[in-house]
Amino acid sequence: MIRTWARGGVRAGAAHARRAFVFVLPGLWVLGVVAWELCRPTSGQLLQLLAAAPAIACAGTGRRQCVLLGGVCALLALVPFGTVEPGTGLGTRMMTCGAILAVIGASYLTAGRRLRLVRELERTREIAVAAQRVVLRPLPRRIDGVLLAADHLSASEGAEVGGDLYEVVGTRHGVRAVIGDVRGHGLEAIGTVAAMLGSFREVVHDEPELGDVLRRLERSLQRHLRERAGEGQVPGGGGEPVGRLAEEFVTLLLLQVARDGSVTALNCGHPWPYRVACQAVAPVAPADPMPPLGLFPLPEELTAVRCGRLRPGEGLFLHTDGAADARDAAGEFFPLVQELRSSVEAAAAPCGPSPAGVVGEVRKALLRHAGGRLTDDVALLMLSNDRVRVPAQSAGTPPPSVRLPR
């Protein structure tokens, strides 16, 4: 903690020093020009460089006050100093004064326009962040006895949402989660992500079986693709999109954690999760996944696959392909399992690994491995059973603290 605080203090001090240097840079420029003129007089010819002071202030801080201050300093520097012969350099000083006034006016207008654009950009970013959080909203820390942590990294610079999706919802059927990867990445995949997440948040409360949830998601995907295709549909009226949209697909992993900790899942071409215990990480692969959603019709019978039971303190770590496929400068793949084990050890706690700690450590290791440059979106999600183990009561036997009336 001390090292982290020290590094943070050093970075803040360096940033403050840079801002202070940029603020005083026009004054330093004026002092440098005047000092050179005093040491080696040029009959005022070197003073023409004073016209750059307001422009330096505009480019450095962008504040109109700094532009005016730099211009005033430059004008004051034109006052004759030292031993000056009558008429020497007068024309040069007048032309320099005019140039400074012109640069002050242009820089002042530019600085004002720059401030308006900066405010507009900040407002646009706030709106974009709010809209993206509606699509891929932050998860609560806990849902119905299940601890949660998630993170998303977009391959598009400045975007918080890409082609990966995740959501966790508490229902009367249990805690249900989805993680998926839309074909493509970045901003072009956000429409499909929004359609899938909107459908999942709606149907997950209505359908008692995971298979029915998956069928509803398939219909939502087909409807979304038809809307994107517009008139481009199969001539026979089958309603299936054609062309490039016919190749769109989504890999999905549906999970359900029941009250007793039992886990069931349906997998459509997505990587299986990892079971995380106190000091162990093991892959969960109970069956071969089905094809990605959208490429082929779903089979007539959909039976959720049993993935065992999560004991208190145990969890499941879910991820998309972008995590395992990330490469460093040498072309080496990200060692996900190795880093996950290290993250579990770093986030160890008496009641089990912290989901937020594990996800945070994996994120940092991934960015460090890829050098901050991702070629695909990445989604990380961890669920941990935090329910307290309660002794089973025999049927018809009231709790010890309850007395039946005589």
# chains A, B, ... in the order shown; residues from 1 in each chain; ligands from 1
>>> select_by_dssp(residues="segment 103-298 of chain A", states="alpha helix (DSSP H)", output="count of residues only")
67
>>> residues_around(residues="Ala348 of chain A", least_positions_apart="5", cutoff="8 Å", atoms="only C-alpha atoms", output="list in words")
Cys278, Gln279, Pro353 and Ser354 of chain A
>>> select_by_dssp(residues="segment 191-274 of chain A", states="strand (DSSP E or B)", output="VMD selection string")
chain A and resid 233 241 250 to 257 262 to 268 274
>>> closest_residue(among="A:Phe296, A:Phe249, A:Phe333, A:Phe317", to="Val284 of chain A", atoms="only C-alpha atoms")
A:Phe317
>>> residues_around(residues="Ile179 of chain A", least_positions_apart="6", cutoff="8 Å", atoms="only C-alpha atoms", output="PDB file with all heavy atoms, in the first residue's frame")
ATOM      1  N   ASP A 164     -18.538  -8.195 -26.854  1.00  0.00           N
ATOM      2  CA  ASP A 164     -18.728  -9.173 -25.786  1.00  0.00           C
ATOM      3  C   ASP A 164     -19.852  -8.716 -24.868  1.00  0.00           C
ATOM      4  O   ASP A 164     -20.085  -7.514 -24.696  1.00  0.00           O
ATOM      5  CB  ASP A 164     -17.447  -9.355 -24.975  1.00  0.00           C
ATOM      6  CG  ASP A 164     -16.363 -10.063 -25.779  1.00  0.00           C
ATOM      7  OD1 ASP A 164     -16.657 -10.492 -26.916  1.00  0.00           O
ATOM      8  OD2 ASP A 164     -15.229 -10.171 -25.286  1.00  0.00           O
ATOM      9  N   LEU A 165     -20.536  -9.666 -24.272  1.00  0.00           N
ATOM     10  CA  LEU A 165     -21.669  -9.348 -23.413  1.00  0.00           C
ATOM     11  C   LEU A 165     -21.665 -10.253 -22.195  1.00  0.00           C
ATOM     12  O   LEU A 165     -21.141 -11.365 -22.219  1.00  0.00           O
ATOM     13  CB  LEU A 165     -22.983  -9.490 -24.184  1.00  0.00           C
ATOM     14  CG  LEU A 165     -23.282 -10.873 -24.791  1.00  0.00           C
ATOM     15  CD1 LEU A 165     -24.183 -11.704 -23.878  1.00  0.00           C
ATOM     16  CD2 LEU A 165     -23.920 -10.736 -26.166  1.00  0.00           C
ATOM     17  N   TYR A 166     -22.244  -9.737 -21.116  1.00  0.00           N
ATOM     18  CA  TYR A 166     -22.467 -10.541 -19.917  1.00  0.00           C
ATOM     19  C   TYR A 166     -23.587  -9.906 -19.117  1.00  0.00           C
ATOM     20  O   TYR A 166     -23.858  -8.712 -19.211  1.00  0.00           O
ATOM     21  CB  TYR A 166     -21.196 -10.649 -19.068  1.00  0.00           C
ATOM     22  CG  TYR A 166     -20.641  -9.327 -18.582  1.00  0.00           C
ATOM     23  CD1 TYR A 166     -21.188  -8.665 -17.484  1.00  0.00           C
ATOM     24  CD2 TYR A 166     -19.569  -8.730 -19.235  1.00  0.00           C
ATOM     25  CE1 TYR A 166     -20.686  -7.456 -17.055  1.00  0.00           C
ATOM     26  CE2 TYR A 166     -19.066  -7.509 -18.808  1.00  0.00           C
ATOM     27  CZ  TYR A 166     -19.628  -6.884 -17.710  1.00  0.00           C
ATOM     28  OH  TYR A 166     -19.140  -5.675 -17.291  1.00  0.00           O
ATOM     29  N   GLU A 167     -24.255 -10.717 -18.335  1.00  0.00           N
ATOM     30  CA  GLU A 167     -25.317 -10.240 -17.457  1.00  0.00           C
ATOM     31  C   GLU A 167     -25.608 -11.325 -16.418  1.00  0.00           C
ATOM     32  O   GLU A 167     -25.490 -12.531 -16.706  1.00  0.00           O
ATOM     33  CB  GLU A 167     -26.579  -9.921 -18.262  1.00  0.00           C
ATOM     34  CG  GLU A 167     -27.745  -9.372 -17.449  1.00  0.00           C
ATOM     35  CD  GLU A 167     -27.439  -8.071 -16.767  1.00  0.00           C
ATOM     36  OE1 GLU A 167     -26.676  -8.130 -15.772  1.00  0.00           O
ATOM     37  OE2 GLU A 167     -27.949  -7.021 -17.199  1.00  0.00           O
ATOM     38  N   LEU A 252     -22.587 -18.290 -26.863  1.00  0.00           N
ATOM     39  CA  LEU A 252     -23.279 -18.025 -25.610  1.00  0.00           C
ATOM     40  C   LEU A 252     -23.024 -19.139 -24.608  1.00  0.00           C
ATOM     41  O   LEU A 252     -22.942 -20.315 -24.976  1.00  0.00           O
ATOM     42  CB  LEU A 252     -24.786 -17.912 -25.837  1.00  0.00           C
ATOM     43  CG  LEU A 252     -25.364 -16.571 -26.297  1.00  0.00           C
ATOM     44  CD1 LEU A 252     -26.867 -16.690 -26.408  1.00  0.00           C
ATOM     45  CD2 LEU A 252     -25.006 -15.462 -25.334  1.00  0.00           C
ATOM     46  N   LEU A 253     -22.922 -18.751 -23.358  1.00  0.00           N
ATOM     47  CA  LEU A 253     -22.888 -19.696 -22.244  1.00  0.00           C
ATOM     48  C   LEU A 253     -23.918 -19.246 -21.230  1.00  0.00           C
ATOM     49  O   LEU A 253     -23.808 -18.159 -20.649  1.00  0.00           O
ATOM     50  CB  LEU A 253     -21.499 -19.741 -21.606  1.00  0.00           C
ATOM     51  CG  LEU A 253     -21.365 -20.635 -20.362  1.00  0.00           C
ATOM     52  CD1 LEU A 253     -21.643 -22.093 -20.705  1.00  0.00           C
ATOM     53  CD2 LEU A 253     -19.978 -20.494 -19.736  1.00  0.00           C
ATOM     54  N   LEU A 254     -24.950 -20.071 -21.054  1.00  0.00           N
ATOM     55  CA  LEU A 254     -25.989 -19.810 -20.066  1.00  0.00           C
ATOM     56  C   LEU A 254     -25.713 -20.630 -18.816  1.00  0.00           C
ATOM     57  O   LEU A 254     -25.448 -21.835 -18.906  1.00  0.00           O
ATOM     58  CB  LEU A 254     -27.364 -20.170 -20.619  1.00  0.00           C
ATOM     59  CG  LEU A 254     -27.967 -19.229 -21.668  1.00  0.00           C
ATOM     60  CD1 LEU A 254     -29.281 -19.806 -22.175  1.00  0.00           C
ATOM     61  CD2 LEU A 254     -28.198 -17.855 -21.089  1.00  0.00           C
ATOM     62  N   LEU A 318     -15.665 -17.083 -15.722  1.00  0.00           N
ATOM     63  CA  LEU A 318     -16.088 -17.122 -17.113  1.00  0.00           C
ATOM     64  C   LEU A 318     -15.315 -16.076 -17.898  1.00  0.00           C
ATOM     65  O   LEU A 318     -14.981 -15.007 -17.372  1.00  0.00           O
ATOM     66  CB  LEU A 318     -17.588 -16.861 -17.239  1.00  0.00           C
ATOM     67  CG  LEU A 318     -18.569 -17.905 -16.695  1.00  0.00           C
ATOM     68  CD1 LEU A 318     -18.564 -17.959 -15.178  1.00  0.00           C
ATOM     69  CD2 LEU A 318     -19.993 -17.609 -17.171  1.00  0.00           C
ATOM     70  N   HIS A 319     -15.078 -16.366 -19.158  1.00  0.00           N
ATOM     71  CA  HIS A 319     -14.322 -15.438 -19.999  1.00  0.00           C
ATOM     72  C   HIS A 319     -14.711 -15.640 -21.448  1.00  0.00           C
ATOM     73  O   HIS A 319     -15.365 -16.634 -21.813  1.00  0.00           O
ATOM     74  CB  HIS A 319     -12.810 -15.673 -19.840  1.00  0.00           C
ATOM     75  CG  HIS A 319     -12.354 -17.012 -20.349  1.00  0.00           C
ATOM     76  ND1 HIS A 319     -11.891 -17.200 -21.643  1.00  0.00           N
ATOM     77  CD2 HIS A 319     -12.318 -18.237 -19.764  1.00  0.00           C
ATOM     78  CE1 HIS A 319     -11.576 -18.465 -21.814  1.00  0.00           C
ATOM     79  NE2 HIS A 319     -11.826 -19.119 -20.694  1.00  0.00           N
ATOM     80  N   THR A 320     -14.332 -14.697 -22.290  1.00  0.00           N
ATOM     81  CA  THR A 320     -14.534 -14.812 -23.728  1.00  0.00           C
ATOM     82  C   THR A 320     -13.215 -15.158 -24.418  1.00  0.00           C
ATOM     83  O   THR A 320     -12.155 -15.173 -23.798  1.00  0.00           O
ATOM     84  CB  THR A 320     -15.100 -13.501 -24.307  1.00  0.00           C
ATOM     85  OG1 THR A 320     -14.233 -12.422 -23.933  1.00  0.00           O
ATOM     86  CG2 THR A 320     -16.489 -13.220 -23.758  1.00  0.00           C
ATOM     87  N   ALA A 379     -14.201 -10.072 -22.122  1.00  0.00           N
ATOM     88  CA  ALA A 379     -15.151 -10.011 -21.017  1.00  0.00           C
ATOM     89  C   ALA A 379     -14.740 -11.024 -19.965  1.00  0.00           C
ATOM     90  O   ALA A 379     -14.423 -12.181 -20.291  1.00  0.00           O
ATOM     91  CB  ALA A 379     -16.576 -10.292 -21.494  1.00  0.00           C
ATOM     92  N   LEU A 381     -15.881 -12.559 -16.068  1.00  0.00           N
ATOM     93  CA  LEU A 381     -16.995 -12.645 -15.123  1.00  0.00           C
ATOM     94  C   LEU A 381     -16.714 -13.760 -14.131  1.00  0.00           C
ATOM     95  O   LEU A 381     -16.285 -14.846 -14.519  1.00  0.00           O
ATOM     96  CB  LEU A 381     -18.307 -12.910 -15.868  1.00  0.00           C
ATOM     97  CG  LEU A 381     -19.547 -13.190 -15.025  1.00  0.00           C
ATOM     98  CD1 LEU A 381     -19.917 -11.971 -14.181  1.00  0.00           C
ATOM     99  CD2 LEU A 381     -20.719 -13.601 -15.912  1.00  0.00           C
TER     100      LEU A 381
END
>>> residues_around(residues="Pro289 of chain A", least_positions_apart="4", cutoff="9 Å", atoms="only C-alpha atoms", output="PyMOL selection string")
chain A and resi 266-272+285
>>> closest_atom_pairs(of="segment 106-184 of chain A", to="segment 188-203 of chain A", cutoff="7 Å", atoms="only C-alpha atoms", output="Markdown table")
| residue | atom | partner | partner_atom | distance |
| --- | --- | --- | --- | --- |
| A:Val135 | CA | A:Ala194 | CA | 5.6 |
| A:Val161 | CA | A:Ile190 | CA | 6.8 |
| A:Gly162 | CA | A:Ile190 | CA | 5.8 |
| A:Gly163 | CA | A:Ala189 | CA | 4.8 |
| A:Leu165 | CA | A:Val193 | CA | 6.2 |
| A:Val182 | CA | A:Ala189 | CA | 6.5 |
| A:Gly184 | CA | A:Ala189 | CA | 6.2 |
>>> residues_around(residues="Val263 of chain A", least_positions_apart="2", cutoff="12 Å", atoms="only C-alpha atoms", output="PyMOL selection string")
chain A and resi 173-177+210+254-261+265-266+273+275+284+286+304-311+314-316+383-385
>>> write_last_selection(atoms="N, CA, C and O atoms", output="compact mmCIF listing (two decimals), in the first residue's frame")
# COMPACT_ATOMS: atom_id res chain seq x y z
N HIS A 173 -36.08 -18.83 -10.23
CA HIS A 173 -35.52 -20.13 -10.63
C HIS A 173 -34.07 -20.27 -10.19
O HIS A 173 -33.50 -21.35 -10.33
N GLY A 174 -33.48 -19.23 -9.69
CA GLY A 174 -32.07 -19.23 -9.29
C GLY A 174 -31.36 -18.03 -9.90
O GLY A 174 -31.95 -17.20 -10.61
N VAL A 175 -30.07 -17.94 -9.63
CA VAL A 175 -29.26 -16.88 -10.23
C VAL A 175 -28.84 -17.33 -11.62
O VAL A 175 -28.17 -18.37 -11.77
N ARG A 176 -29.21 -16.56 -12.61
CA ARG A 176 -28.91 -16.93 -13.99
C ARG A 176 -27.93 -15.92 -14.59
O ARG A 176 -28.08 -14.72 -14.40
N ALA A 177 -26.97 -16.45 -15.32
CA ALA A 177 -25.92 -15.62 -15.91
C ALA A 177 -25.75 -15.99 -17.37
O ALA A 177 -26.00 -17.12 -17.79
N LEU A 210 -33.71 -23.51 -18.80
CA LEU A 210 -32.67 -22.83 -19.56
C LEU A 210 -32.84 -23.05 -21.06
O LEU A 210 -32.52 -22.17 -21.86
N LEU A 254 -24.95 -20.07 -21.05
CA LEU A 254 -25.99 -19.81 -20.07
C LEU A 254 -25.71 -20.63 -18.82
O LEU A 254 -25.45 -21.83 -18.91
N LEU A 255 -25.78 -19.99 -17.66
CA LEU A 255 -25.54 -20.67 -16.38
C LEU A 255 -26.69 -20.39 -15.43
O LEU A 255 -27.28 -19.30 -15.44
N GLN A 256 -26.96 -21.38 -14.60
CA GLN A 256 -27.95 -21.20 -13.53
C GLN A 256 -27.39 -21.79 -12.25
O GLN A 256 -26.99 -22.95 -12.21
N VAL A 257 -27.36 -20.98 -11.20
CA VAL A 257 -26.91 -21.42 -9.88
C VAL A 257 -28.13 -21.47 -8.98
O VAL A 257 -28.73 -20.43 -8.66
N ALA A 258 -28.53 -22.68 -8.60
CA ALA A 258 -29.71 -22.86 -7.77
C ALA A 258 -29.42 -22.51 -6.32
O ALA A 258 -28.29 -22.23 -5.94
N ARG A 259 -30.47 -22.54 -5.51
CA ARG A 259 -30.31 -22.19 -4.10
C ARG A 259 -29.37 -23.14 -3.37
O ARG A 259 -28.67 -22.74 -2.44
N ASP A 260 -29.35 -24.40 -3.79
CA ASP A 260 -28.48 -25.38 -3.13
C ASP A 260 -27.06 -25.38 -3.71
O ASP A 260 -26.23 -26.21 -3.33
N GLY A 261 -26.75 -24.47 -4.62
CA GLY A 261 -25.42 -24.38 -5.21
C GLY A 261 -25.22 -25.20 -6.45
O GLY A 261 -24.14 -25.13 -7.07
N ALA A 265 -25.99 -25.67 -17.09
CA ALA A 265 -25.51 -24.77 -18.14
C ALA A 265 -25.94 -25.26 -19.51
O ALA A 265 -26.24 -26.45 -19.71
N LEU A 266 -25.96 -24.31 -20.45
CA LEU A 266 -26.12 -24.59 -21.87
C LEU A 266 -25.04 -23.80 -22.60
O LEU A 266 -24.90 -22.59 -22.38
N PRO A 273 -16.31 -22.55 -18.38
CA PRO A 273 -15.69 -21.77 -17.29
C PRO A 273 -14.66 -22.60 -16.53
O PRO A 273 -14.44 -23.79 -16.81
N ARG A 275 -13.59 -23.74 -12.56
CA ARG A 275 -14.01 -23.80 -11.17
C ARG A 275 -12.87 -23.31 -10.30
O ARG A 275 -11.73 -23.78 -10.40
N VAL A 284 -13.97 -26.63 -16.29
CA VAL A 284 -15.28 -27.31 -16.26
C VAL A 284 -15.68 -27.57 -17.70
O VAL A 284 -15.94 -26.63 -18.46
N PRO A 286 -18.14 -30.39 -18.95
CA PRO A 286 -18.93 -31.61 -18.81
C PRO A 286 -19.42 -32.20 -20.12
O PRO A 286 -19.80 -33.37 -20.17
N ALA A 304 -30.37 -29.01 -20.08
CA ALA A 304 -29.26 -28.32 -19.43
C ALA A 304 -28.25 -29.32 -18.89
O ALA A 304 -28.61 -30.37 -18.35
N VAL A 305 -26.98 -29.00 -19.04
CA VAL A 305 -25.89 -29.87 -18.60
C VAL A 305 -25.60 -29.57 -17.12
O VAL A 305 -25.47 -28.41 -16.72
N ARG A 306 -25.47 -30.62 -16.33
CA ARG A 306 -25.14 -30.45 -14.92
C ARG A 306 -23.64 -30.26 -14.77
O ARG A 306 -22.84 -31.05 -15.28
N CYS A 307 -23.27 -29.21 -14.05
CA CYS A 307 -21.85 -28.87 -13.85
C CYS A 307 -21.42 -29.02 -12.39
O CYS A 307 -20.47 -28.37 -11.95
N GLY A 308 -22.11 -29.85 -11.64
CA GLY A 308 -21.73 -30.06 -10.24
C GLY A 308 -22.37 -29.01 -9.33
O GLY A 308 -23.33 -28.33 -9.69
N ARG A 309 -21.80 -28.89 -8.16
CA ARG A 309 -22.34 -27.99 -7.14
C ARG A 309 -21.24 -27.10 -6.61
O ARG A 309 -20.11 -27.56 -6.37
N LEU A 310 -21.57 -25.83 -6.42
CA LEU A 310 -20.63 -24.89 -5.84
C LEU A 310 -20.81 -24.89 -4.33
O LEU A 310 -21.87 -24.52 -3.81
N ARG A 311 -19.75 -25.28 -3.64
CA ARG A 311 -19.79 -25.20 -2.18
C ARG A 311 -19.56 -23.75 -1.75
O ARG A 311 -19.06 -22.96 -2.53
N GLU A 314 -16.63 -21.44 -3.12
CA GLU A 314 -16.19 -21.81 -4.47
C GLU A 314 -16.86 -20.91 -5.51
O GLU A 314 -17.92 -20.33 -5.26
N GLY A 315 -16.23 -20.82 -6.67
CA GLY A 315 -16.76 -19.95 -7.70
C GLY A 315 -16.49 -20.47 -9.09
O GLY A 315 -15.81 -21.48 -9.29
N LEU A 316 -17.03 -19.76 -10.06
CA LEU A 316 -16.84 -20.04 -11.49
C LEU A 316 -16.29 -18.79 -12.16
O LEU A 316 -16.84 -17.69 -11.97
N LEU A 383 -18.46 -15.68 -10.56
CA LEU A 383 -19.54 -15.87 -9.60
C LEU A 383 -19.02 -16.76 -8.48
O LEU A 383 -18.36 -17.78 -8.74
N SER A 384 -19.31 -16.38 -7.25
CA SER A 384 -18.84 -17.16 -6.09
C SER A 384 -20.00 -17.39 -5.15
O SER A 384 -20.78 -16.47 -4.85
N ASN A 385 -20.14 -18.63 -4.67
CA ASN A 385 -21.20 -18.99 -3.75
C ASN A 385 -20.85 -18.46 -2.37
O ASN A 385 -19.90 -18.91 -1.74
>>> decode(residues="segment 107-128 of chain A", atoms="N, CA and C atoms", output="short mmCIF file (atom, residue, chain, number, x, y, z; two decimals), in the first residue's frame")
data_model
loop_
_atom_site.label_atom_id
_atom_site.label_comp_id
_atom_site.auth_asym_id
_atom_site.auth_seq_id
_atom_site.Cartn_x
_atom_site.Cartn_y
_atom_site.Cartn_z
N SER A 107 -5.09 33.97 -31.36
CA SER A 107 -4.96 32.97 -30.30
C SER A 107 -6.12 33.05 -29.32
N TYR A 108 -6.59 34.27 -29.03
CA TYR A 108 -7.70 34.45 -28.11
C TYR A 108 -8.96 33.78 -28.67
N LEU A 109 -9.24 34.01 -29.95
CA LEU A 109 -10.40 33.38 -30.57
C LEU A 109 -10.25 31.87 -30.64
N THR A 110 -9.03 31.41 -30.96
CA THR A 110 -8.78 29.96 -31.03
C THR A 110 -8.95 29.31 -29.67
N ALA A 111 -8.45 30.00 -28.61
CA ALA A 111 -8.58 29.44 -27.27
C ALA A 111 -10.04 29.34 -26.85
N GLY A 112 -10.85 30.34 -27.18
CA GLY A 112 -12.27 30.27 -26.85
C GLY A 112 -12.97 29.14 -27.57
N ARG A 113 -12.66 28.97 -28.85
CA ARG A 113 -13.28 27.88 -29.61
C ARG A 113 -12.82 26.52 -29.06
N ARG A 114 -11.54 26.46 -28.66
CA ARG A 114 -11.03 25.21 -28.11
C ARG A 114 -11.74 24.85 -26.80
N LEU A 115 -11.98 25.84 -25.95
CA LEU A 115 -12.68 25.58 -24.71
C LEU A 115 -14.10 25.08 -24.97
N ARG A 116 -14.79 25.68 -25.94
CA ARG A 116 -16.14 25.22 -26.27
C ARG A 116 -16.12 23.80 -26.78
N LEU A 117 -15.15 23.46 -27.62
CA LEU A 117 -15.06 22.10 -28.13
C LEU A 117 -14.73 21.10 -27.03
N VAL A 118 -13.86 21.50 -26.11
CA VAL A 118 -13.52 20.60 -25.00
C VAL A 118 -14.74 20.32 -24.14
N ARG A 119 -15.52 21.37 -23.83
CA ARG A 119 -16.73 21.17 -23.04
C ARG A 119 -17.72 20.28 -23.78
N GLU A 120 -17.87 20.50 -25.09
CA GLU A 120 -18.78 19.67 -25.87
C GLU A 120 -18.31 18.22 -25.91
N LEU A 121 -17.00 18.01 -26.02
CA LEU A 121 -16.46 16.66 -26.04
C LEU A 121 -16.68 15.96 -24.69
N GLU A 122 -16.46 16.68 -23.60
CA GLU A 122 -16.68 16.09 -22.29
C GLU A 122 -18.15 15.71 -22.11
N ARG A 123 -19.05 16.58 -22.55
CA ARG A 123 -20.47 16.27 -22.45
C ARG A 123 -20.84 15.07 -23.31
N THR A 124 -20.29 15.01 -24.52
CA THR A 124 -20.56 13.87 -25.40
C THR A 124 -20.05 12.58 -24.78
N ARG A 125 -18.88 12.63 -24.16
CA ARG A 125 -18.36 11.44 -23.51
C ARG A 125 -19.25 11.00 -22.35
N GLU A 126 -19.75 11.94 -21.58
CA GLU A 126 -20.65 11.59 -20.49
C GLU A 126 -21.90 10.90 -21.01
N ILE A 127 -22.46 11.42 -22.10
CA ILE A 127 -23.65 10.81 -22.69
C ILE A 127 -23.33 9.42 -23.22
N ALA A 128 -22.17 9.28 -23.88
CA ALA A 128 -21.79 7.98 -24.44
C ALA A 128 -21.57 6.95 -23.34
#
